[in-house]
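Visitor: I have a structure I would like to understand better, so I am pasting it below and will then ask my questions one at a time.
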Amino acid sequence: MSPHLIVLPIVLPLIAGVLLLRTRQGNPRIKRWLGVGATLALVVISALLVERASSGEIAYYALGDWQPPFGIVLVLDRLSALMVLLTSVLALGCVIFACGGDDEQGSNFHGLFQLQLMGINGAFLTGDLFNLFVFFEVLLLASYALLLHGGGKSRTQAAVHYVVLNLAGSSLFLIAVGTLYGATGTLNMADMAARIAELPDDRTGLVTAGALLLLVVFGLKAAILPLYFWLPRAYAAAPAPVAALFAIMTKVGIYAILRVFSLIFGEQAGGLAALQQPWVWWLALATLAVATLGVMAARDLRLLVAYLVLVSVGTLLAGIGMGTTEATASLLYYLIHSTLVTGGLFLLAEMIGLQRGKAGTRIVRGRPLTQGGALAMLFLAGAVAVAGLPPLSGAIGKALLLDAATPEQQPWLWPLLLISGLAAIIALSRAGSTLFWRSQKGERDGEPLPRQHWVGATLLLATSPLLVALAGPVSDYTQAAAEQLANPDAMVRTLLSDAGDAS
Amino acid sequence: MESLYAITTGVLSACGFYLILRGRTFPVVMGLTLLSYAVNLFLFSMGGLTTHGATIIDGKTSYADPLPQALVLTAIVIGFAMTAFAVILAMRARGDMGNDHVDGGRNREDREETRR
């Protein structure tokens with residue numbers, strides 16, 4: 001297999017994005033085919049990457065053939081391959097949905113979408129701390145513009161908060177990276193892991209400060225408790241395909257926490273090992289509790305789904321906070337499920353809103369839906385999956401997580417996770433019965449929805465039964481990924497062996 | 001030299017954070033700019049401050065760490081683009097919302113202003 005395959009998930013969206021920006025005034029048909037075609041190619045490439053990574057091999061791609069630790073590297077292991085595949089599948093659903101007309105509400109949708117994919121894929125693949133910052137900025141810049149796509153008061157207002165908060169976050173990221181570079185003298189994550197093992201005692205404080213600053217930054221991206229207030233508003237205001245793609249953005253933060261703290265601050269770090277654990281664990285539980293309240297209080301379907309994203313963030317971070325290999329394996333399974341299902345629910349909320357005219361997605365009595373039956377069935381499937389009821393994938397994900405908790409953690413995690421599930425069931429059934437059953441008398445005069453909307457939303461929601469059918473292979477893969485993650489030595493050896501020969 | 005540098009960075013970031021927490025968009029954009037200056041200075045010093053050092057490596061004399069210089073260039077470029085975007089966004093928010101409050105301005109003082 002070509003060694004250049006690893007860099008393709010970044011280069012392909014870049015080329016497609018540039019081409020799409022060039023033809024910004026062009027025929028929407030061409031732009032749509034180009035956007036969908038590029039995303040489809042990305043799915044194929046990332047599937048090949050997953051197949052390659054599943055053997056357990058850690059591959060790296062040295063850009064410009066500058067060998068690590070001096071050059072910039074892209075690293076492919078089981079976790080990064082999985083995240084890239086997840087991104088591309090989610091993006092395929094979003095981009096197909098957007099072809100139903102959302103892309104023509106403003107300019108440059110498809111071009112910005114591809115650039116955002118480039119940023120997300122880059123953040124998942126990079127093995128360099130400063131490059132992680134650069135790719136964060138790429139994905140954020142594209143997301144700022146996408147959030148404003150279509151315009152409108154609520155979007156501008158949400159965007160002001162989102163942009164200012166993330167700019168401040170970027171500054172903190174740079175300070176953290178600077179501190180860690182000053183203390184260790186490297187930016188390559190594997191090299192940093194090796195150097196932290198032999199860190200002089202007087203620099204411990206500096207590294208701790210840098211690491212916790214990084215945790216703040218990633219926590220801001222992941223929307224952990226004191227830093228989540230931007231999320232519900234931004235996600236509820238964003239155009240549907242963008243909000244659905246944003247479902248992966250919180251996971252970028254979670255991935256970064258997993259990657260940085262398991263690799264750099266793994267067992268070899270001595271006194272600094274797992275220094276994020278207590279913070280993440282308690283804040284995750286608090287996030288879960290607050291998000292549950294938000295789910296119950298939401299009076300708008302999109303806001304409800306935004307809080308469900310927050311519930312999934314709390315659940316996933318609790319998985320990180322547990323800190324065992326089993327917990328990581330089960331959180332990865334839950335991550336795949338929650339990203340795709342909440343993405344699908346954002347798309348579905350938009351479809352429901354379009355058919356209800358003025359009432360939109362607000363959970364109030366509105367006019368009857370034209371295609372109510374089919375929408376209600378999709379909503380039922382999505383609600384069952386996201387609330388974690390059998391037979392869909394949410395149940396398996398939650399059961400795995402509950403099972404992974406140690407006896408000391410169980411009294412905290414079990415009630416919170418189960419109550420959040422109950423709250424989701426109550427809120428979703430209340431929303432569903434209002435939206436579909438308690439409609440006013442009136443004509444069913446809404447326009448039928450475009451075919452692309454159905455394909456996009458169904459594609460994302462259909463992954464839930466697929467994840468159940470393939471639960472065995474998927475959980476084997478996540479288990480292997482978690483074991484690989486818990487053993488950072490292998491990555492350090494792979495990345496630094498060549499450099500050792502050269503010196 | 002070091003203490004002067006540290007004080008400058010600290011004062012800049014303190015002013016930046018204070019301004020970011022203000023209620024109107026213009027001070028917030030100014031705050032972001034100041035903060036990015038502070039961060040650039042900080043990044044520049046992260047390899048340790050070298051005075052009278054050579055810029056390139058000849059292996060013998062003391063030289064300045066070249067990596068922070070490369071990083072700070074990247075950070076400047078990104079920060080500049082972000083500031084431009086934040087300014088445009090603030091102007092658009094002013095146009096859409098009719099005032100320059102970061103929250104869209106729902107306090108009483110503001111409503112009185114519009115009534116006048």
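Chain labels follow the order of the structure tokens: the first chain is A, the next B, and so on; residue numbering restarts at 1 in every chain, and ligands are counted from 1 in their shown order.
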Using only C-alpha atoms, which residues sit within 12 Å of stretch 32-37 of chain A once same-chain residues fewer than 5 positions away are excluded, as a PDB file with C-alpha atoms, in the first residue's frame?

Guide:
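Okay, part-v4.pdb is ready:
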```pdb
ATOM      1  CA  LEU A  12      -7.633  15.499  -0.685  1.00  0.00           C
ATOM      2  CA  PRO A  13     -10.000  17.889   1.181  1.00  0.00           C
ATOM      3  CA  LEU A  14      -7.459  20.669   0.667  1.00  0.00           C
ATOM      4  CA  ILE A  15      -7.445  20.174  -3.110  1.00  0.00           C
ATOM      5  CA  ALA A  16     -11.208  19.725  -3.243  1.00  0.00           C
ATOM      6  CA  GLY A  17     -11.681  22.812  -1.070  1.00  0.00           C
ATOM      7  CA  VAL A  18      -9.459  24.960  -3.265  1.00  0.00           C
ATOM      8  CA  LEU A  19     -11.211  23.745  -6.431  1.00  0.00           C
ATOM      9  CA  LEU A  20     -14.598  24.452  -4.866  1.00  0.00           C
ATOM     10  CA  LEU A  21     -13.590  27.942  -3.774  1.00  0.00           C
ATOM     11  CA  THR A  23     -15.729  27.671  -8.790  1.00  0.00           C
ATOM     12  CA  ARG A  24     -17.691  29.551  -6.136  1.00  0.00           C
ATOM     13  CA  GLY A  26     -20.304  28.122 -10.712  1.00  0.00           C
ATOM     14  CA  ASN A  27     -23.130  25.735 -11.283  1.00  0.00           C
ATOM     15  CA  LEU A  42     -12.396  10.233   1.772  1.00  0.00           C
ATOM     16  CA  VAL A  43     -14.590   7.425   3.141  1.00  0.00           C
ATOM     17  CA  VAL A  44     -12.791   4.917   0.900  1.00  0.00           C
ATOM     18  CA  SER A  88     -15.653  10.923   6.829  1.00  0.00           C
ATOM     19  CA  VAL A  89     -18.813   8.863   7.360  1.00  0.00           C
ATOM     20  CA  ALA A  91     -19.308  14.208   6.676  1.00  0.00           C
ATOM     21  CA  LEU A  92     -20.819  12.089   3.899  1.00  0.00           C
ATOM     22  CA  GLY A  93     -24.226  12.212   5.569  1.00  0.00           C
ATOM     23  CA  CYS A  94     -23.919  15.969   6.171  1.00  0.00           C
ATOM     24  CA  VAL A  95     -22.776  16.837   2.663  1.00  0.00           C
ATOM     25  CA  ILE A  96     -25.531  14.761   1.027  1.00  0.00           C
ATOM     26  CA  PHE A  97     -28.073  16.462   3.280  1.00  0.00           C
ATOM     27  CA  ALA A  98     -26.671  19.894   2.398  1.00  0.00           C
ATOM     28  CA  CYS A  99     -27.212  19.177  -1.311  1.00  0.00           C
ATOM     29  CA  GLY A 100     -30.949  19.348  -0.577  1.00  0.00           C
ATOM     30  CA  GLY A 101     -30.732  23.140  -0.724  1.00  0.00           C
ATOM     31  CA  ASP A 102     -28.937  24.279   2.452  1.00  0.00           C
ATOM     32  CA  ASP A 103     -25.698  24.793   0.547  1.00  0.00           C
ATOM     33  CA  GLU A 104     -27.196  27.497  -1.663  1.00  0.00           C
ATOM     34  CA  ASN A 108     -18.929  28.762  -0.448  1.00  0.00           C
ATOM     35  CA  PHE A 109     -20.575  26.060   1.636  1.00  0.00           C
ATOM     36  CA  HIS A 110     -18.858  23.101  -0.013  1.00  0.00           C
ATOM     37  CA  GLY A 111     -15.424  24.707  -0.122  1.00  0.00           C
ATOM     38  CA  LEU A 112     -15.491  25.620   3.564  1.00  0.00           C
ATOM     39  CA  PHE A 113     -16.867  22.189   4.406  1.00  0.00           C
ATOM     40  CA  GLN A 114     -13.892  20.490   2.763  1.00  0.00           C
ATOM     41  CA  LEU A 115     -11.447  22.813   4.540  1.00  0.00           C
ATOM     42  CA  LEU A 117     -12.671  18.279   7.073  1.00  0.00           C
ATOM     43  CA  GLN A 452     -31.132  14.339  -0.333  1.00  0.00           C
ATOM     44  CA  GLY A 456     -28.425  12.090   4.558  1.00  0.00           C
TER      45      GLY A 456
END
```

Visitor: Please report as number ranges by chain which residues of chain B come no farther than 9 Å from chain A, using only C-alpha atoms.

Guide: B: 17, 20, 25, 28-29, 32, 35-36, 38-40, 42-48, 68, 71, 74-75, 78-79, 82-83, 85-86, 89-90, 92-93, 96-97, 102-104

Visitor: Taking 4 positions as the minimum chain separation for residues in the same chain, which residues sit within 10 Å of B:Tyr5 when counting only C-alpha atoms? Answer as a count of residues only.

Guide: 7

Visitor: Extract the full set of alpha helix (DSSP H) residues from chain B according to DSSP on the backbone, and format it as a ChimeraX atom specification.

Guide: /B:2-20,25-44,66-97,108-115

Visitor: Set the distance at 10 Å and use only C-alpha atoms: which residues neighbour stretch 48-54 of chain A once local chain neighbours fewer than 5 positions away are removed? I'd like the list as a PyMOL selection string.

Guide: chain A and resi 1+5-6+9+42-43+59+76-85+477-478+480-481

Visitor: Give me a file of those residues, with C-alpha atoms, as a short mmCIF file (atom, residue, chain, number, x, y, z; two decimals), in the first residue's frame.

Guide:
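Once written, again_28.cif looks like this:
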```cif
data_model
loop_
_atom_site.label_atom_id
_atom_site.label_comp_id
_atom_site.auth_asym_id
_atom_site.auth_seq_id
_atom_site.Cartn_x
_atom_site.Cartn_y
_atom_site.Cartn_z
CA MET A 1 0.00 0.00 0.00
CA LEU A 5 -2.05 7.14 1.89
CA ILE A 6 -1.62 8.64 5.36
CA PRO A 9 -7.08 12.60 4.28
CA LEU A 42 -12.40 10.23 1.77
CA VAL A 43 -14.59 7.43 3.14
CA ALA A 59 2.83 3.94 10.74
CA LEU A 76 -1.47 6.52 12.00
CA ASP A 77 -2.49 4.13 14.72
CA ARG A 78 -5.77 2.38 15.46
CA LEU A 79 -7.30 5.36 17.25
CA SER A 80 -6.47 8.01 14.65
CA ALA A 81 -7.60 5.77 11.77
CA LEU A 82 -10.89 5.15 13.55
CA MET A 83 -11.46 8.85 14.14
CA VAL A 84 -10.73 9.71 10.50
CA LEU A 85 -13.18 7.06 9.30
CA TYR A 477 -11.17 -3.04 17.32
CA THR A 478 -11.80 -0.45 20.05
CA ALA A 480 -7.23 -3.21 20.55
CA ALA A 481 -7.09 0.57 20.06
#
```

Visitor: May I have all residues of stretch 8-71 of chain A that DSSP, computed from the backbone, assigns to strand (DSSP E), given as a list in words?

Guide: Ala59, Tyr60, Tyr61 and Ala62 of chain A
